[in-house]
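To be precise, the following lines are start.cif, and they hold mmCIF, C-alpha atoms.
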data_start
loop_
_atom_site.label_atom_id
_atom_site.label_comp_id
_atom_site.auth_asym_id
_atom_site.auth_seq_id
_atom_site.Cartn_x
_atom_site.Cartn_y
_atom_site.Cartn_z
CA SER A 1 3.62 -5.26 -24.00
CA LEU A 2 5.99 -7.21 -21.75
CA ARG A 3 6.37 -4.13 -19.62
CA LYS A 4 2.90 -4.60 -18.12
CA HIS A 5 4.25 -7.80 -16.53
CA VAL A 6 7.88 -6.84 -15.88
CA TRP A 7 7.50 -3.33 -14.46
CA PRO A 8 5.10 -4.34 -11.65
CA LEU A 9 7.58 -7.03 -10.61
CA ALA A 10 10.48 -4.57 -10.67
CA LEU A 11 8.47 -2.03 -8.65
CA ASP A 12 7.67 -4.38 -5.76
CA CYS A 13 8.64 -1.81 -3.10
CA ASP A 14 7.79 -1.66 0.59
CA LEU A 15 4.43 -0.06 -0.16
CA LYS A 16 1.99 -2.79 -1.26
CA ALA A 17 -1.21 -1.89 -3.03
CA GLY A 18 -3.62 -4.78 -2.52
CA LYS A 19 -6.06 -6.22 -5.02
CA GLY A 20 -9.11 -4.01 -5.34
CA ASP A 21 -7.43 -0.96 -3.81
CA PHE A 22 -7.62 0.98 -7.07
CA VAL A 23 -11.41 0.82 -7.25
CA ARG A 24 -11.75 1.45 -3.52
CA TYR A 25 -9.58 4.57 -3.57
CA LEU A 26 -11.21 5.84 -6.76
CA HIS A 27 -14.68 5.48 -5.22
CA ALA A 28 -13.45 7.11 -2.02
CA GLN A 29 -12.34 10.14 -4.00
CA ASP A 30 -15.69 10.24 -5.81
CA ARG A 31 -17.43 10.32 -2.43
CA ASP A 32 -15.18 13.18 -1.35
CA ASP A 33 -16.09 15.08 -4.51
CA ALA A 34 -19.80 14.50 -3.83
CA ASN A 35 -19.40 15.77 -0.27
CA GLU A 36 -17.53 18.75 -1.62
CA GLY A 37 -20.49 19.58 -3.83
CA LYS A 38 -22.86 19.36 -0.88
CA HIS A 39 -20.49 21.50 1.20
CA ALA A 40 -20.29 24.12 -1.54
CA GLY A 41 -24.09 24.17 -1.87
CA ALA A 42 -24.58 24.55 1.84
CA GLY A 43 -22.04 27.33 1.92
CA ALA A 44 -24.01 29.20 -0.73
CA VAL A 45 -27.20 28.90 1.36
CA PHE A 46 -25.84 29.55 4.85
CA GLY A 47 -23.04 31.92 3.95
CA SER A 48 -19.65 31.74 5.64
CA SER A 49 -20.95 30.27 8.92
CA LEU A 50 -20.34 26.72 7.69
CA GLU A 51 -16.68 27.48 6.95
CA SER A 52 -16.18 29.08 10.34
CA ASP A 53 -17.84 26.15 12.14
CA ASP A 54 -16.13 23.45 10.12
CA SER A 55 -13.03 25.11 8.72
CA ASP A 56 -10.99 21.91 8.60
CA LEU A 57 -13.56 20.18 6.42
CA GLY A 58 -13.85 23.22 4.20
CA GLN A 59 -10.10 23.42 3.72
CA LEU A 60 -9.87 19.70 3.00
CA LEU A 61 -12.60 19.77 0.36
CA SER A 62 -11.24 22.95 -1.21
CA PHE A 63 -7.87 21.24 -1.43
CA GLY A 64 -9.52 18.28 -3.18
CA ALA A 65 -11.09 20.59 -5.75
CA ALA A 66 -7.79 22.35 -6.38
CA ARG A 67 -6.08 19.00 -6.81
CA ARG A 68 -8.67 17.90 -9.37
CA ARG A 69 -8.22 21.16 -11.27
CA SER A 70 -4.43 20.75 -11.26
CA ILE A 71 -4.71 17.25 -12.71
CA HIS A 72 -7.22 18.37 -15.33
CA ASP A 73 -5.13 21.42 -16.31
CA ASP A 74 -1.96 19.35 -16.66
CA LEU A 75 -3.72 16.79 -18.83
CA SER A 76 -5.15 19.54 -21.03
CA ARG A 77 -1.62 20.76 -21.77
CA MET A 78 -0.18 17.35 -22.59
CA SER A 79 0.76 17.37 -26.26
CA GLU A 80 2.06 13.83 -25.67
CA LEU A 81 -1.54 12.58 -25.83
CA GLU A 82 -1.69 13.64 -29.46
CA ALA A 83 1.54 11.82 -30.29
CA LEU A 84 0.40 8.75 -28.39
CA VAL A 85 -2.85 8.63 -30.34
CA GLN A 86 -1.07 9.06 -33.66
CA THR A 87 1.24 6.13 -33.00
CA GLY A 88 -1.62 4.02 -31.67
CA SER A 89 0.57 2.82 -28.81
CA SER A 90 -2.06 3.56 -26.17
CA ALA A 91 -4.34 0.65 -27.10
CA SER A 92 -3.36 -1.31 -24.01
CA ALA A 93 -4.02 1.72 -21.85
CA VAL A 94 -7.70 2.05 -22.70
CA THR A 95 -8.80 -1.49 -23.50
CA PRO A 96 -10.09 -2.53 -20.04
CA GLY A 97 -13.47 -1.12 -19.21
CA PHE A 98 -14.14 0.79 -22.41
CA GLY A 99 -15.50 -1.93 -24.74
CA GLY A 100 -14.78 -2.48 -28.39
CA VAL A 101 -11.40 -3.37 -29.81
CA GLY A 102 -8.33 -1.57 -28.49
CA GLY A 103 -10.47 0.64 -26.30
CA ILE A 104 -12.54 1.97 -29.24
CA PRO A 105 -16.29 1.67 -28.77
CA ALA A 106 -18.06 -0.64 -31.19
CA GLY A 107 -21.20 0.47 -32.95
CA PRO A 108 -22.43 2.57 -35.88
CA SER A 109 -19.14 4.48 -36.05
CA LEU A 110 -17.63 1.44 -37.76
CA PHE A 111 -19.75 2.22 -40.83
CA ARG A 112 -18.54 5.80 -41.23
CA PRO A 113 -16.24 6.78 -44.14
CA ALA A 114 -12.63 5.78 -43.54
CA ALA A 115 -11.31 9.29 -42.85
CA THR A 116 -14.16 10.10 -40.47
CA THR A 117 -13.79 6.77 -38.72
CA ALA A 118 -10.04 7.28 -38.23
CA ALA A 119 -10.64 10.74 -36.77
CA ALA A 120 -13.35 9.38 -34.48
CA PHE A 121 -11.11 6.53 -33.35
CA ALA A 122 -8.28 8.95 -32.60
CA LYS A 123 -10.62 11.21 -30.65
CA ASP A 124 -11.99 8.28 -28.66
CA ARG A 125 -8.54 6.93 -27.92
CA LYS A 126 -7.30 10.31 -26.71
CA LYS A 127 -10.34 10.74 -24.49
CA ASN A 128 -10.04 7.23 -23.05
CA THR A 129 -6.32 7.60 -22.43
CA LYS A 130 -6.88 10.92 -20.70
CA ASN A 131 -9.62 9.39 -18.55
CA ALA A 132 -7.35 6.47 -17.65
CA ILE A 133 -4.56 8.83 -16.57
CA GLU A 134 -6.94 10.97 -14.52
CA SER A 135 -8.46 7.97 -12.74
CA VAL A 136 -4.99 6.64 -11.84
CA LEU A 137 -3.93 10.01 -10.46
CA VAL A 138 -7.17 10.56 -8.52
CA ALA A 139 -6.92 7.09 -6.96
CA PHE A 140 -3.27 7.75 -6.08
CA CYS A 141 -4.17 11.02 -4.33
CA ALA A 142 -6.78 9.17 -2.28
CA ALA A 143 -4.31 6.41 -1.42
CA ARG A 144 -1.45 8.78 -0.59
CA PRO A 145 -2.90 12.03 0.78
CA ASP A 146 0.49 12.70 2.38
CA VAL A 147 1.94 13.06 -1.12
CA SER A 148 -1.16 14.08 -3.10
CA TYR A 149 -0.67 15.46 -6.61
CA VAL A 150 2.54 17.13 -7.71
CA GLN A 151 2.83 18.76 -11.10
CA GLY A 152 4.51 16.36 -13.51
CA MET A 153 2.96 13.17 -12.12
CA SER A 154 0.66 13.10 -15.13
CA TYR A 155 3.65 12.23 -17.33
CA LEU A 156 4.56 9.31 -15.10
CA ALA A 157 0.97 8.08 -15.31
CA LEU A 158 1.01 8.53 -19.09
CA VAL A 159 3.97 6.17 -19.47
CA LEU A 160 2.33 3.59 -17.22
CA VAL A 161 -1.11 3.59 -18.87
CA SER A 162 0.51 3.33 -22.29
CA HIS A 163 1.71 -0.16 -21.32
CA MET A 164 -0.89 -1.52 -18.90
CA ASP A 165 -4.42 -1.24 -17.57
CA ARG A 166 -5.42 1.38 -15.02
CA GLU A 167 -5.30 -0.87 -11.96
CA ARG A 168 -1.75 -2.06 -12.67
CA ALA A 169 -0.73 1.51 -13.49
CA PHE A 170 -2.08 2.64 -10.12
CA HIS A 171 -0.12 -0.04 -8.26
CA CYS A 172 3.05 0.82 -10.17
CA LEU A 173 2.66 4.55 -9.53
CA CYS A 174 2.19 3.95 -5.79
CA ASN A 175 5.31 1.79 -5.63
CA LEU A 176 7.36 4.01 -7.94
CA LEU A 177 6.75 7.14 -5.89
CA ASP A 178 7.61 5.28 -2.70
CA CYS A 179 11.15 4.67 -3.96
CA ASP A 180 13.98 6.62 -2.33
CA TYR A 181 14.73 8.29 -5.65
CA PHE A 182 11.41 10.16 -5.58
CA HIS A 183 11.40 10.84 -1.85
CA ALA A 184 14.18 13.39 -2.33
CA TYR A 185 12.13 15.39 -4.84
CA LEU A 186 8.61 14.94 -3.45
CA ASP A 187 9.75 15.82 0.08
CA MET A 188 11.84 18.67 -1.34
CA ASP A 189 14.79 17.49 0.72
CA VAL A 190 17.19 20.30 -0.14
CA GLN A 191 20.28 18.38 0.95
CA GLN A 192 19.42 15.28 -1.09
CA VAL A 193 18.43 17.29 -4.16
CA ARG A 194 21.62 19.34 -3.94
CA LEU A 195 23.70 16.17 -3.72
CA ARG A 196 22.13 14.89 -6.92
CA PHE A 197 22.67 18.19 -8.69
CA GLN A 198 26.34 18.10 -7.71
CA ILE A 199 26.67 14.54 -8.98
CA PHE A 200 25.10 15.53 -12.29
CA ASP A 201 27.32 18.60 -12.62
CA GLU A 202 30.46 16.55 -12.05
CA LEU A 203 29.36 13.96 -14.62
CA PHE A 204 28.57 16.79 -17.02
CA ARG A 205 32.05 18.26 -16.56
CA HIS A 206 33.69 14.85 -16.88
CA ASN A 207 31.93 13.87 -20.13
CA LEU A 208 31.20 17.15 -21.95
CA ARG A 209 33.89 19.53 -20.79
CA THR A 210 33.46 22.05 -23.65
CA LEU A 211 29.69 22.37 -23.24
CA HIS A 212 30.03 22.44 -19.45
CA SER A 213 32.52 25.31 -19.65
CA ARG A 214 30.22 27.23 -21.98
CA PHE A 215 27.25 26.77 -19.66
CA GLU A 216 29.34 27.94 -16.70
CA ALA A 217 30.48 31.02 -18.62
CA MET A 218 26.85 31.89 -19.43
CA GLY A 219 25.69 31.18 -15.88
CA LEU A 220 23.39 28.37 -17.02
CA LEU A 221 23.20 26.09 -13.98
CA PRO A 222 21.54 22.66 -13.67
CA ASP A 223 18.99 24.32 -11.38
CA CYS A 224 17.43 25.84 -14.49
CA TYR A 225 16.41 22.56 -16.11
CA LEU A 226 17.46 19.43 -14.21
CA MET A 227 14.70 19.23 -11.58
CA GLU A 228 11.97 18.67 -14.16
CA TRP A 229 14.06 16.09 -16.01
CA MET A 230 14.71 14.04 -12.91
CA MET A 231 11.28 14.27 -11.29
CA CYS A 232 9.55 12.98 -14.43
CA LEU A 233 12.19 10.33 -15.28
CA HIS A 234 12.50 12.23 -18.58
CA SER A 235 8.89 11.30 -19.40
CA LYS A 236 7.90 14.91 -20.08
CA GLN A 237 10.75 15.70 -22.45
CA LEU A 238 11.08 12.48 -24.46
CA HIS A 239 8.76 10.66 -26.80
CA ILE A 240 6.84 7.84 -25.14
CA LYS A 241 9.00 5.12 -26.73
CA ALA A 242 12.27 6.75 -25.67
CA ALA A 243 10.88 7.47 -22.20
CA SER A 244 9.93 3.81 -21.83
CA ARG A 245 13.52 2.81 -22.53
CA VAL A 246 14.65 5.21 -19.80
CA TRP A 247 12.26 3.50 -17.38
CA ASP A 248 13.65 0.11 -18.38
CA GLY A 249 17.15 1.31 -17.58
CA TYR A 250 16.12 2.90 -14.28
CA LEU A 251 14.36 -0.25 -13.08
CA ILE A 252 17.35 -2.41 -14.04
CA HIS A 253 20.32 -0.18 -13.17
CA GLY A 254 18.88 2.26 -10.66
CA GLU A 255 19.30 6.00 -10.29
CA MET A 256 22.64 6.14 -12.08
CA TYR A 257 20.91 5.38 -15.37
CA VAL A 258 18.83 8.56 -15.05
CA PHE A 259 22.08 10.52 -14.76
CA ARG A 260 23.42 8.69 -17.82
CA VAL A 261 20.37 9.67 -19.85
CA SER A 262 20.64 13.30 -18.72
CA ILE A 263 24.22 13.48 -19.97
CA ALA A 264 23.25 11.59 -23.15
CA ILE A 265 20.57 14.19 -23.93
CA LEU A 266 23.07 17.01 -23.55
CA SER A 267 25.51 15.10 -25.75
CA LEU A 268 22.94 14.74 -28.52
CA LEU A 269 21.95 18.42 -28.23
CA GLN A 270 25.54 19.65 -27.92
CA PRO A 271 26.07 20.65 -31.60
CA VAL A 272 23.09 23.03 -31.34
CA LEU A 273 23.68 24.24 -27.78
CA LEU A 274 27.26 25.28 -28.48
CA LYS A 275 26.01 27.78 -31.08
CA LYS A 276 23.14 29.31 -29.13
CA PRO A 277 23.04 32.19 -26.63
CA LEU A 278 21.79 31.79 -23.07
CA ASN A 279 18.07 32.38 -23.67
CA ALA A 280 17.97 30.02 -26.65
CA CYS A 281 19.78 27.30 -24.66
CA MET A 282 17.32 27.60 -21.78
CA LYS A 283 14.40 27.34 -24.19
CA ILE A 284 15.85 24.21 -25.79
CA LEU A 285 16.54 22.52 -22.45
CA ARG A 286 12.97 23.16 -21.27
CA SER A 287 11.32 21.99 -24.47
CA LYS A 288 10.33 18.56 -25.76
CA PHE A 289 13.02 16.30 -27.20
CA HIS A 290 10.71 14.26 -29.42
CA THR A 291 13.26 14.32 -32.25
CA ILE A 292 15.65 12.24 -30.12
CA GLN A 293 15.22 8.62 -31.17
CA GLU A 294 15.33 5.85 -28.58
CA GLY A 295 18.19 4.02 -30.32
CA ALA A 296 20.40 7.10 -30.42
CA LEU A 297 19.57 7.91 -26.81
CA VAL A 298 20.40 4.41 -25.54
CA ASP A 299 23.64 4.32 -27.52
CA SER A 300 24.67 7.72 -26.22
CA ALA A 301 23.81 6.78 -22.63
CA ARG A 302 25.99 3.68 -22.97
CA LEU A 303 28.97 5.89 -23.87
CA VAL A 304 28.70 8.10 -20.77
CA ARG A 305 31.77 7.64 -18.58
CA ILE A 306 31.14 7.16 -14.87
CA PRO A 307 34.23 7.58 -12.67
CA ALA A 308 34.46 5.05 -9.86
CA THR A 309 34.37 7.80 -7.23
CA ILE A 310 31.01 9.05 -8.50
CA ALA A 311 29.55 5.55 -8.92
CA ASN A 312 30.48 4.70 -5.34
CA PHE A 313 29.09 7.97 -4.05
CA VAL A 314 25.75 7.47 -5.83
CA ALA A 315 25.54 3.94 -4.42
CA ALA A 316 26.19 5.32 -0.95
CA VAL A 317 23.50 8.00 -1.32
CA ALA A 318 20.97 5.46 -2.62
CA SER A 319 21.78 3.07 0.23
CA HIS A 320 21.66 5.78 2.94
CA ILE A 321 25.29 5.11 3.81
CA PRO A 322 26.78 8.15 5.60
CA THR A 323 29.40 9.96 3.55
CA SER A 324 32.33 11.99 4.77
CA ALA A 325 30.76 15.29 3.76
CA PRO A 326 27.12 14.82 2.73
CA ALA A 327 26.33 18.50 2.51
CA SER A 328 29.13 19.23 0.06
CA PRO A 329 30.71 16.05 -1.31
CA ASP A 330 34.17 16.11 -2.80
CA LEU A 331 33.47 14.73 -6.24
CA GLY A 332 36.88 15.45 -7.73
CA PRO A 333 38.74 18.45 -9.11
CA LYS A 334 36.77 21.13 -10.90
#
What does this structure look like when you write it as structure tokens?
Amino acid sequence: SLRKHVWPLALDCDLKAGKGDFVRYLHAQDRDDANEGKHAGAGAVFGSSLESDDSDLGQLLSFGAARRRSIHDDLSRMSELEALVQTGSSASAVTPGFGGVGGIPAGPSLFRPAATTAAAFAKDRKKNTKNAIESVLVAFCAARPDVSYVQGMSYLALVLVSHMDRERAFHCLCNLLDCDYFHAYLDMDVQQVRLRFQIFDELFRHNLRTLHSRFEAMGLLPDCYLMEWMMCLHSKQLHIKAASRVWDGYLIHGEMYVFRVSIAILSLLQPVLLKKPLNACMKILRSKFHTIQEGALVDSARLVRIPATIANFVAAVASHIPTSAPASPDLGPK
């Protein structure tokens, strides 16, 4: 995949992850987990005195355990792993460090009946992909304890490991999450998030006036679905191939392309959404859009109209240029 070469170049942000950092951070986290086990064992022997004497260490290690559980739980719920295995597109993700061809262990399994072998290969590939994602996320948490793990990061890691080895995926994730786009969401900067919601709502009204009016009448606000779309770069909702095209567009065109894709998704779902009541619409908007093909999505995104006032405002927000009214921008008539 060309993306394993192009994406790291495009993500050359201020934060630089040096060669060997992935292994170093991964081993550092393993040491923390080992210390946590010792701490937990000591606590069982000596009671609560250890926690009272060393509460900071206890809280830190407990936080590490909770973080591990969050990553594991999120990965367990990822139906995308099944789809990735079925398409076989994760070969590049699990090749390094696992042996065999395409990340599948060599050995006696090659002499099994065809159906059994295919099932075994699929199981191995899913396990290896899951392990690759987990190792990238664990290393990231060790490298960026100020950010740690936020629900949804597993989908970002999934896209990365589907195109490159774990070390490159780790570097890309570090640089990706250090971009201004993600700072607004990871820091939960209410003003910046609200600005982006207002921009989206104005683009929605400008391009899909009928659907926008219906959503307003039902009280269905962007707050109900947009945060998850934006934080994951649509990686949770879309099939891996379509999500990869979204990443291409984001890395080339910037944040505006994510808005384009958001409007394009609503445009493709509009025939169904116009006929559904509130609860059904909310369910659709929070579900997977795996039926949306990458070609249709890209074509629809290309047709989204961006008024000059909005384009300039987004550029100003991305460049940290002060605006006349940042808390409540005038984005045009309602």
Running the PyMOL selection byres ((chain A and resi 7-9) around 12) on this model by hand, what would come out? Give it as a PyMOL selection string.
chain A and resi 1-6+10-13+16-17+159-161+163-165+167-176+244-245+247-252
Mind pulling up the distance from atom CA of A:Leu177 to atom CA of A:Ile265?
23.8 Å
re atom CA of A:Ser267 and atom CA of A:Phe215: distance 13.3 Å
What does the distance from atom CA of A:Leu26 to atom CA of A:Ser135 come to in Å, to one decimal?
6.9 Å
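In terms of minimum interatomic distance to A:Glu228, A:Gln151 ranks closest within A:Arg302, A:Gln151, A:His290, A:Ser213, counting all atoms listed in the file.
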Report as an mmCIF file with C-alpha atoms, in the coordinates of the input the full result of the PyMOL selection byres ((chain A and resi 208) around 12) when it is applied to this structure.
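And here is the file that came out, selection-v8.cif:
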data_model
loop_
_atom_site.group_PDB
_atom_site.id
_atom_site.type_symbol
_atom_site.label_atom_id
_atom_site.label_comp_id
_atom_site.auth_asym_id
_atom_site.auth_seq_id
_atom_site.Cartn_x
_atom_site.Cartn_y
_atom_site.Cartn_z
ATOM 1 C CA PHE A 200 25.100 15.530 -12.290
ATOM 2 C CA ASP A 201 27.320 18.600 -12.620
ATOM 3 C CA GLU A 202 30.460 16.550 -12.050
ATOM 4 C CA LEU A 203 29.360 13.960 -14.620
ATOM 5 C CA PHE A 204 28.570 16.790 -17.020
ATOM 6 C CA ARG A 205 32.050 18.260 -16.560
ATOM 7 C CA HIS A 206 33.690 14.850 -16.880
ATOM 8 C CA ASN A 207 31.930 13.870 -20.130
ATOM 9 C CA ARG A 209 33.890 19.530 -20.790
ATOM 10 C CA THR A 210 33.460 22.050 -23.650
ATOM 11 C CA LEU A 211 29.690 22.370 -23.240
ATOM 12 C CA HIS A 212 30.030 22.440 -19.450
ATOM 13 C CA SER A 213 32.520 25.310 -19.650
ATOM 14 C CA ARG A 214 30.220 27.230 -21.980
ATOM 15 C CA PHE A 215 27.250 26.770 -19.660
ATOM 16 C CA SER A 262 20.640 13.300 -18.720
ATOM 17 C CA ILE A 263 24.220 13.480 -19.970
ATOM 18 C CA ALA A 264 23.250 11.590 -23.150
ATOM 19 C CA ILE A 265 20.570 14.190 -23.930
ATOM 20 C CA LEU A 266 23.070 17.010 -23.550
ATOM 21 C CA SER A 267 25.510 15.100 -25.750
ATOM 22 C CA LEU A 268 22.940 14.740 -28.520
ATOM 23 C CA LEU A 269 21.950 18.420 -28.230
ATOM 24 C CA GLN A 270 25.540 19.650 -27.920
ATOM 25 C CA PRO A 271 26.070 20.650 -31.600
ATOM 26 C CA LEU A 273 23.680 24.240 -27.780
ATOM 27 C CA LEU A 274 27.260 25.280 -28.480
ATOM 28 C CA LEU A 303 28.970 5.890 -23.870
ATOM 29 C CA VAL A 304 28.700 8.100 -20.770
ATOM 30 C CA ARG A 305 31.770 7.640 -18.580
#
